[in-house]
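K.L.:
Dropping in work39.tsv, which is TSV, C-alpha atoms:
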```tsv
chain	number	residue	atom	x	y	z
P	1	MET	CA	3.43	-10.01	31.26
P	2	GLU	CA	3.15	-10.56	27.53
P	3	LYS	CA	2.01	-7.51	25.57
P	4	LYS	CA	-1.06	-8.16	23.47
P	5	LYS	CA	-0.95	-6.89	19.91
P	6	LYS	CA	-3.22	-3.96	19.14
P	7	LEU	CA	-5.95	-4.34	16.56
P	8	ILE	CA	-5.95	-0.58	15.86
P	9	THR	CA	-2.35	0.46	15.23
P	10	ALA	CA	-2.98	4.20	14.87
P	11	HIS	CA	-5.23	6.85	16.34
P	12	PRO	CA	-8.72	6.61	14.76
P	13	ALA	CA	-8.71	10.36	14.07
P	14	VAL	CA	-5.54	10.05	11.99
P	15	MET	CA	-7.02	7.13	10.10
P	16	ALA	CA	-10.21	9.11	9.44
P	17	VAL	CA	-8.20	12.08	8.15
P	18	TRP	CA	-6.27	9.87	5.75
P	19	ALA	CA	-9.45	8.22	4.46
P	20	ALA	CA	-10.92	11.69	3.92
P	21	LEU	CA	-7.81	12.82	2.03
P	22	MET	CA	-8.09	9.78	-0.23
P	23	ALA	CA	-11.75	10.52	-0.89
P	24	VAL	CA	-11.07	14.17	-1.79
P	25	ALA	CA	-8.06	13.21	-3.91
P	26	SER	CA	-10.34	11.06	-6.06
P	27	LEU	CA	-11.70	14.34	-7.47
P	28	LEU	CA	-8.26	15.28	-8.83
P	29	PRO	CA	-7.56	13.68	-12.23
P	30	ALA	CA	-4.11	12.42	-13.16
P	31	PHE	CA	-3.76	10.23	-16.28
P	32	PRO	CA	-6.34	8.83	-18.72
P	33	ILE	CA	-7.04	5.10	-18.72
P	34	ILE	CA	-6.66	4.11	-22.36
P	35	GLY	CA	-9.75	2.62	-23.98
P	36	THR	CA	-12.17	3.51	-21.17
P	37	GLY	CA	-12.70	7.29	-21.14
P	38	ILE	CA	-11.91	7.31	-17.38
P	39	THR	CA	-8.89	8.92	-15.70
P	40	PHE	CA	-6.69	7.83	-12.84
P	41	ASN	CA	-6.83	10.19	-9.87
P	42	ILE	CA	-4.36	11.48	-7.30
P	43	ALA	CA	-5.72	9.08	-4.68
P	44	ASN	CA	-3.51	6.47	-6.35
P	45	CYS	CA	-0.54	8.19	-4.67
P	46	LEU	CA	-2.18	7.97	-1.24
P	47	THR	CA	-3.32	4.33	-1.45
P	48	PRO	CA	0.03	2.65	-0.71
P	49	LEU	CA	0.74	5.19	2.05
P	50	ALA	CA	-2.35	3.93	3.90
P	51	GLY	CA	-0.64	0.56	4.22
P	52	ILE	CA	2.79	2.05	4.92
P	53	PHE	CA	1.51	4.36	7.68
P	54	PHE	CA	-1.05	2.13	9.40
P	55	GLY	CA	0.04	-1.42	8.61
P	56	PRO	CA	-1.44	-3.91	6.15
P	57	TRP	CA	-4.80	-4.69	7.75
P	58	VAL	CA	-5.71	-1.29	9.19
P	59	GLY	CA	-4.30	0.39	6.07
P	60	MET	CA	-6.51	-1.84	3.94
P	61	ILE	CA	-9.57	-0.67	5.90
P	62	VAL	CA	-8.54	3.00	5.62
P	63	ALA	CA	-7.99	2.65	1.86
P	64	GLY	CA	-11.32	0.89	1.50
P	65	VAL	CA	-13.23	3.60	3.38
P	66	GLY	CA	-11.46	6.37	1.46
P	67	GLY	CA	-11.98	4.62	-1.84
P	68	PHE	CA	-15.66	3.94	-1.19
P	69	ILE	CA	-16.39	7.54	-0.20
P	70	GLY	CA	-14.38	8.67	-3.21
P	71	GLN	CA	-16.69	6.66	-5.44
P	72	LEU	CA	-19.70	8.43	-3.95
P	73	ILE	CA	-18.37	11.96	-4.43
P	74	ALA	CA	-16.67	11.26	-7.76
P	75	PRO	CA	-18.86	8.69	-9.56
P	76	HIS	CA	-17.32	9.67	-12.91
P	77	THR	CA	-14.14	7.86	-11.79
P	78	VAL	CA	-15.90	4.55	-11.16
P	79	LEU	CA	-14.91	2.09	-13.83
P	80	PHE	CA	-15.49	-1.31	-12.24
P	81	GLY	CA	-18.78	-0.89	-10.42
P	82	PRO	CA	-19.52	-0.52	-6.71
P	83	LEU	CA	-16.71	-2.84	-5.62
P	84	GLN	CA	-13.97	-0.80	-7.28
P	85	PHE	CA	-12.70	0.33	-3.86
P	86	THR	CA	-11.47	-3.21	-3.18
P	87	ILE	CA	-8.64	-2.59	-5.67
P	88	ALA	CA	-7.27	0.16	-3.42
P	89	MET	CA	-7.67	-2.15	-0.44
P	90	MET	CA	-5.43	-4.77	-2.03
P	91	GLY	CA	-2.84	-2.14	-2.92
P	92	ALA	CA	-2.71	-0.88	0.66
P	93	LEU	CA	-2.48	-4.47	1.88
P	94	GLY	CA	0.49	-5.19	-0.37
P	95	ALA	CA	2.29	-1.96	0.57
P	96	GLY	CA	1.58	-2.57	4.26
P	97	PHE	CA	3.17	-6.01	4.22
P	98	ALA	CA	6.12	-4.56	2.30
P	99	MET	CA	6.46	-1.99	5.10
P	100	ARG	CA	6.59	-4.92	7.56
P	101	ARG	CA	9.37	-6.35	5.36
P	102	LYS	CA	7.17	-9.28	4.35
P	103	TRP	CA	7.92	-8.76	0.68
P	104	TRP	CA	6.63	-12.17	-0.29
P	105	VAL	CA	3.01	-10.98	0.22
P	106	PRO	CA	2.91	-8.34	-2.58
P	107	LEU	CA	5.00	-10.70	-4.69
P	108	GLY	CA	2.45	-13.47	-4.14
P	109	LEU	CA	-0.47	-11.16	-4.96
P	110	ILE	CA	1.12	-10.05	-8.22
P	111	LEU	CA	1.86	-13.65	-9.21
P	112	LEU	CA	-1.69	-14.71	-8.26
P	113	PHE	CA	-3.29	-12.07	-10.48
P	114	THR	CA	-0.86	-12.98	-13.27
P	115	VAL	CA	-1.84	-16.66	-13.12
P	116	VAL	CA	-5.55	-15.76	-13.22
P	117	TRP	CA	-4.85	-13.48	-16.21
P	118	TYR	CA	-3.41	-16.38	-18.20
P	119	LEU	CA	-6.37	-18.59	-17.28
P	120	LEU	CA	-8.62	-16.26	-19.32
P	121	PRO	CA	-8.69	-16.73	-23.12
P	122	ASN	CA	-8.48	-12.97	-23.74
P	123	GLY	CA	-5.68	-12.76	-21.21
P	124	ARG	CA	-3.67	-15.33	-23.12
P	125	ALA	CA	-4.34	-13.36	-26.31
P	126	ALA	CA	-2.80	-10.27	-24.64
P	127	TRP	CA	0.00	-12.39	-23.18
P	128	ALA	CA	2.54	-9.55	-22.90
P	129	THR	CA	0.47	-7.42	-20.51
P	130	PRO	CA	1.76	-9.04	-17.28
P	131	LEU	CA	5.25	-8.02	-18.35
P	132	LEU	CA	4.25	-4.61	-16.99
P	133	TYR	CA	4.41	-6.08	-13.50
P	134	THR	CA	8.17	-6.48	-13.83
P	135	LEU	CA	8.44	-2.99	-12.36
P	136	GLY	CA	6.91	-4.26	-9.13
P	137	LEU	CA	9.09	-7.36	-9.06
P	138	VAL	CA	12.25	-5.26	-9.49
P	139	PHE	CA	11.39	-2.94	-6.60
P	140	ILE	CA	10.31	-5.84	-4.40
P	141	ILE	CA	13.76	-7.35	-4.91
P	142	ILE	CA	15.42	-4.00	-4.20
P	143	GLY	CA	13.28	-3.51	-1.10
P	144	ALA	CA	14.05	-6.99	0.22
P	145	TRP	CA	17.76	-6.36	-0.38
P	146	ILE	CA	18.01	-3.01	1.40
P	147	SER	CA	15.90	-4.21	4.34
P	148	ARG	CA	17.65	-7.51	4.92
P	149	LYS	CA	19.61	-6.19	7.95
P	150	SER	CA	17.67	-3.15	9.14
P	151	ASP	CA	14.45	-1.33	8.35
P	152	PRO	CA	15.07	1.48	5.84
P	153	LEU	CA	11.91	3.26	6.97
P	154	LEU	CA	13.50	3.73	10.40
P	155	SER	CA	16.82	4.88	8.98
P	156	PRO	CA	18.16	8.36	9.84
P	157	ASP	CA	19.46	8.46	6.26
P	158	LYS	CA	16.70	10.20	4.31
P	159	LYS	CA	17.90	8.73	1.01
P	160	ARG	CA	17.61	5.21	2.36
P	161	MET	CA	14.22	5.97	3.88
P	162	SER	CA	13.04	7.46	0.58
P	163	LEU	CA	14.13	4.36	-1.32
P	164	GLY	CA	12.33	2.16	1.21
P	165	ILE	CA	9.07	4.09	0.84
P	166	LEU	CA	9.47	4.04	-2.94
P	167	CYS	CA	9.90	0.25	-2.96
P	168	CYS	CA	6.85	-0.27	-0.72
P	169	SER	CA	4.80	2.12	-2.86
P	170	VAL	CA	5.73	0.47	-6.15
P	171	ALA	CA	4.88	-2.93	-4.66
P	172	GLY	CA	1.42	-1.75	-3.61
P	173	ILE	CA	0.69	0.19	-6.79
P	174	VAL	CA	1.66	-2.74	-9.03
P	175	VAL	CA	-0.68	-4.95	-6.98
P	176	THR	CA	-3.50	-2.51	-7.81
P	177	GLN	CA	-2.39	-2.53	-11.46
P	178	ALA	CA	-2.46	-6.32	-11.67
P	179	MET	CA	-5.89	-6.52	-10.04
P	180	GLY	CA	-7.26	-3.58	-12.06
P	181	ASN	CA	-6.05	-5.08	-15.35
P	182	LEU	CA	-7.73	-8.35	-14.48
P	183	TRP	CA	-11.01	-6.58	-13.73
P	184	ALA	CA	-10.77	-4.55	-16.94
P	185	MET	CA	-10.31	-7.72	-18.95
P	186	ILE	CA	-13.32	-9.35	-17.29
P	187	PHE	CA	-15.58	-6.27	-17.53
P	188	PHE	CA	-14.68	-4.90	-20.96
P	189	GLN	CA	-13.08	-7.77	-22.90
P	190	LEU	CA	-10.60	-5.30	-24.40
P	191	PRO	CA	-8.79	-6.53	-27.52
P	192	PRO	CA	-5.03	-7.19	-27.41
P	193	ALA	CA	-4.33	-4.05	-29.45
P	194	ILE	CA	-5.60	-1.88	-26.58
P	195	TRP	CA	-3.51	-3.72	-24.02
P	196	TYR	CA	-0.37	-3.47	-26.14
P	197	THR	CA	-0.90	0.27	-26.44
P	198	THR	CA	-0.46	0.54	-22.66
P	199	LEU	CA	2.85	-1.34	-22.56
P	200	PRO	CA	5.12	1.73	-22.89
P	201	ILE	CA	2.82	4.05	-20.91
P	202	ALA	CA	1.66	2.09	-17.87
P	203	PRO	CA	5.08	1.68	-16.17
P	204	VAL	CA	5.67	5.43	-16.46
P	205	GLU	CA	2.29	6.19	-14.87
P	206	ARG	CA	2.86	3.75	-12.00
P	207	MET	CA	6.35	5.08	-11.41
P	208	LEU	CA	5.02	8.65	-11.24
P	209	PHE	CA	2.37	7.59	-8.72
P	210	SER	CA	5.06	5.84	-6.66
P	211	LEU	CA	7.32	8.88	-6.75
P	212	GLY	CA	4.36	11.00	-5.64
P	213	ALA	CA	3.78	8.63	-2.73
P	214	MET	CA	7.45	8.88	-1.79
P	215	ILE	CA	7.45	12.70	-1.93
P	216	ILE	CA	4.33	12.83	0.27
P	217	GLY	CA	5.33	9.97	2.55
P	218	VAL	CA	8.89	10.87	3.57
P	219	PRO	CA	8.15	14.17	5.38
P	220	LEU	CA	5.06	12.66	7.03
P	221	LEU	CA	6.95	9.57	8.20
P	222	ILE	CA	9.56	11.89	9.73
P	223	GLY	CA	7.25	14.60	11.04
P	224	LEU	CA	4.21	12.79	12.44
P	225	PRO	CA	6.13	10.86	15.17
P	226	LYS	CA	7.66	14.17	16.31
P	227	ILE	CA	4.17	15.43	17.21
P	228	GLY	CA	3.21	12.20	18.94
P	229	VAL	CA	1.58	10.37	16.02
P	230	PRO	CA	3.48	7.12	15.40
P	231	VAL	CA	3.16	5.76	11.88
P	232	GLY	CA	4.88	3.10	9.82
P	233	PRO	CA	7.27	0.63	11.45
P	234	MET	CA	7.42	2.87	14.54
P	235	ILE	CA	3.97	1.54	15.52
P	236	TYR	CA	5.32	-2.00	15.82
P	237	GLN	CA	8.62	-0.83	17.29
P	238	GLU	CA	6.72	0.84	20.13
P	239	GLU	CA	4.93	-2.43	20.86
P	240	SER	CA	8.18	-4.41	20.94
P	241	ASP	CA	9.92	-1.79	23.09
P	242	GLU	CA	7.32	-2.19	25.81
P	243	GLY	CA	8.96	-5.11	27.57
P	244	PRO	CA	7.72	-7.05	30.58
P	245	GLU	CA	6.53	-5.11	33.60
P	246	PRO	CA	9.39	-4.25	36.02
P	247	GLU	CA	9.61	-6.27	39.21
P	248	PRO	CA	8.75	-4.41	42.41
P	249	ALA	CA	11.68	-3.16	44.44
P	250	ILE	CA	10.43	-5.14	47.47
P	251	LYS	CA	8.90	-8.54	46.96
P	252	ASP	CA	6.35	-10.11	49.26
P	253	ASP	CA	8.92	-12.79	50.23
P	254	ASP	CA	11.27	-10.09	51.51
P	255	LEU	CA	8.79	-8.72	54.06
P	256	PRO	CA	9.23	-9.80	57.70
P	257	PRO	CA	6.61	-12.21	59.04
P	258	ASP	CA	3.72	-10.76	61.05
```
Would you encode the structure as structure tokens?
P.N.:
Amino acid sequence: MEKKKKLITAHPAVMAVWAALMAVASLLPAFPIIGTGITFNIANCLTPLAGIFFGPWVGMIVAGVGGFIGQLIAPHTVLFGPLQFTIAMMGALGAGFAMRRKWWVPLGLILLFTVVWYLLPNGRAAWATPLLYTLGLVFIIIGAWISRKSDPLLSPDKKRMSLGILCCSVAGIVVTQAMGNLWAMIFFQLPPAIWYTTLPIAPVERMLFSLGAMIIGVPLLIGLPKIGVPVGPMIYQEESDEGPEPEPAIKDDDLPPD
């Protein structure tokens, strides 16, 4: 019998806990966003892990719930209006597909936001800004390379697992950067001088967020399955390991006639 794919790939309680952690983390400031008076928060480290732990679609929902609640309890962090939480959703989506080794999805999202950037007159004026996304492209290539034969997130080698989580996290965080930059350009019409000020700073910030995600994610990816909470690729591995139902030892045809 063919096993149907699950819509919910993790226990709802675990998903709720992660959404709550993201909401609370929105109260913890990290780096200032130049030209806006708003700061990034620690929830940026947890956003890609939602996709890595729960898969792209469920992770996107978890990041959206956590981001929306975070906006309610920390309104001073809201820069782009009531739909700001959708940026975190796209980041979790990109990281989740990277976890599934579908690296072309975060790559396509980054390229899509880049194309839209250049369609805007102010975007063309600040033409160098999408060069910041090179960080994501580099780690997408590295991630695709190390996962071409086997999944690094299932590797017993902690260094390889760490690099895999780092690549997935950078992919998701750069997706949020590309979408956030596009929204900032549309909302605030920032001059090119402001955008060029971020060129040397933004990659460092995104790399620090990605390293934070890696530091948090590695022990959880190792420890949670040991207490019966599958996360990451193990969710899909469990589904594939459940093969067809075994045949009965005695079939009806083998029984003697009445």
K.L.:
For range 18-21 of chain P, list every protein, DNA or RNA residue within 10 Å, evaluated using all atoms listed in the file, and leave out those in the same chain fewer than 4 positions away; present the list as a PyMOL selection string.
P.N.:
chain P and resi 12-14+25-26+43+46-47+49-50+53+59+61-70
K.L.:
Within 9 Å of range 98-109 of chain P, which residues of range 165-209 of chain P come that close, and what is the closest atom pair and distance in Å for each? Count all atoms listed in the file and give it as CSV.
P.N.:
```
residue,atom,partner,partner_atom,distance
P:Ile165,CA,P:Met99,CA,7.9
P:Cys167,CA,P:Ala98,CA,8.1
P:Cys168,CA,P:Ala98,CA,5.3
P:Ser169,CA,P:Ala98,CA,8.5
P:Ala171,CA,P:Pro106,CA,6.1
P:Gly172,CA,P:Pro106,CA,6.8
P:Val174,CA,P:Pro106,CA,8.6
P:Val175,CA,P:Leu109,CA,6.5
P:Ala178,CA,P:Leu109,CA,8.5
P:Met179,CA,P:Leu109,CA,8.8
```
K.L.:
Would you list the contacts of range 181-191 of chain P as an mmCIF file with C-alpha atoms, keeping the file's coordinate frame, taking every protein, DNA or RNA residue within 8 Å and counting only C-alpha atoms, but skipping same-chain residues closer than 4 positions in sequence?
P.N.:
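So part.cif came out as:
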```cif
data_model
loop_
_atom_site.group_PDB
_atom_site.id
_atom_site.type_symbol
_atom_site.label_atom_id
_atom_site.label_comp_id
_atom_site.auth_asym_id
_atom_site.auth_seq_id
_atom_site.Cartn_x
_atom_site.Cartn_y
_atom_site.Cartn_z
ATOM 1 C CA GLY P 35 -9.750 2.620 -23.980
ATOM 2 C CA PHE P 80 -15.490 -1.310 -12.240
ATOM 3 C CA PHE P 113 -3.290 -12.070 -10.480
ATOM 4 C CA VAL P 116 -5.550 -15.760 -13.220
ATOM 5 C CA TRP P 117 -4.850 -13.480 -16.210
ATOM 6 C CA ASN P 122 -8.480 -12.970 -23.740
ATOM 7 C CA GLY P 123 -5.680 -12.760 -21.210
ATOM 8 C CA ALA P 126 -2.800 -10.270 -24.640
ATOM 9 C CA GLN P 177 -2.390 -2.530 -11.460
ATOM 10 C CA TRP P 195 -3.510 -3.720 -24.020
#
```
K.L.:
Between P:Thr129, P:Ser150, P:Asn41, P:Thr77, which has the minimum distance to Pro233 in chain P (counting all atoms listed in the file)?
P.N.:
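Counting all atoms listed in the file, the residue closest to Pro233 in chain P is P:Ser150.
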K.L.:
Taking into account only C-alpha atoms, which residue in the set P:Met234, P:Ala202, P:Ala92, P:Leu120 is nearest to Pro152 in chain P?
P.N.:
P:Met234
K.L.:
Need to verify the contact set: Val204 in chain P, 12 Å, only C-alpha atoms, exclusion of same-chain residues closer than 2 positions in sequence. Can you return it as an MDAnalysis selection string?
P.N.:
chainID P and resid 31 132:133 135 170 174 198:202 206:211
K.L.:
Could you please determine the separation between CA of Ile216 in chain P and CA of Asn44 in chain P in Å, to one decimal place?
P.N.:
12.1 Å
K.L.:
Nearest residue to Ser155 in chain P out of P:Pro192, P:Leu83, P:Phe54, P:Val218, using only C-alpha atoms?
P.N.:
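Closest residue, counting only C-alpha atoms: P:Val218.
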K.L.:
Which one is closest to Leu220 in chain P: P:Met161, P:Ala193, P:Leu119, P:Met89? Count all atoms listed in the file.
P.N.:
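Once distances to Leu220 in chain P are computed over all atoms listed in the file, the minimum belongs to P:Met161.
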K.L.:
Could you please determine the separation between CA of Ile227 in chain P and CA of Ile52 in chain P in Å, to one decimal place?
P.N.:
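According to the coordinates, CA of Ile227 in chain P and CA of Ile52 in chain P are separated by 18.2 Å.
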K.L.:
Please, what distance in Å, to one decimal, runs between CA of Pro203 in chain P and CA of Thr134 in chain P?
P.N.:
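CA of Thr134 in chain P lies 9.0 Å from CA of Pro203 in chain P.
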K.L.:
Could you work out an axis-aligned box for range 57-69 of chain P, taking every atom the file lists and adding 6 Å on each side, and report centre and edge lengths in Å to one decimal, as JSON?
P.N.:
```
{"center_x": -10.3, "center_y": 1.4, "center_z": 3.7, "size_x": 24.1, "size_y": 24.2, "size_z": 23.0}
```
K.L.:
Taking all atoms listed in the file into account, which of P:Gly164, P:Ile73, P:Leu28, P:Tyr196 comes nearest Trp145 in chain P?
P.N.:
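Going through P:Gly164, P:Ile73, P:Leu28, P:Tyr196 one by one, the smallest distance to Trp145 in chain P is for P:Gly164.
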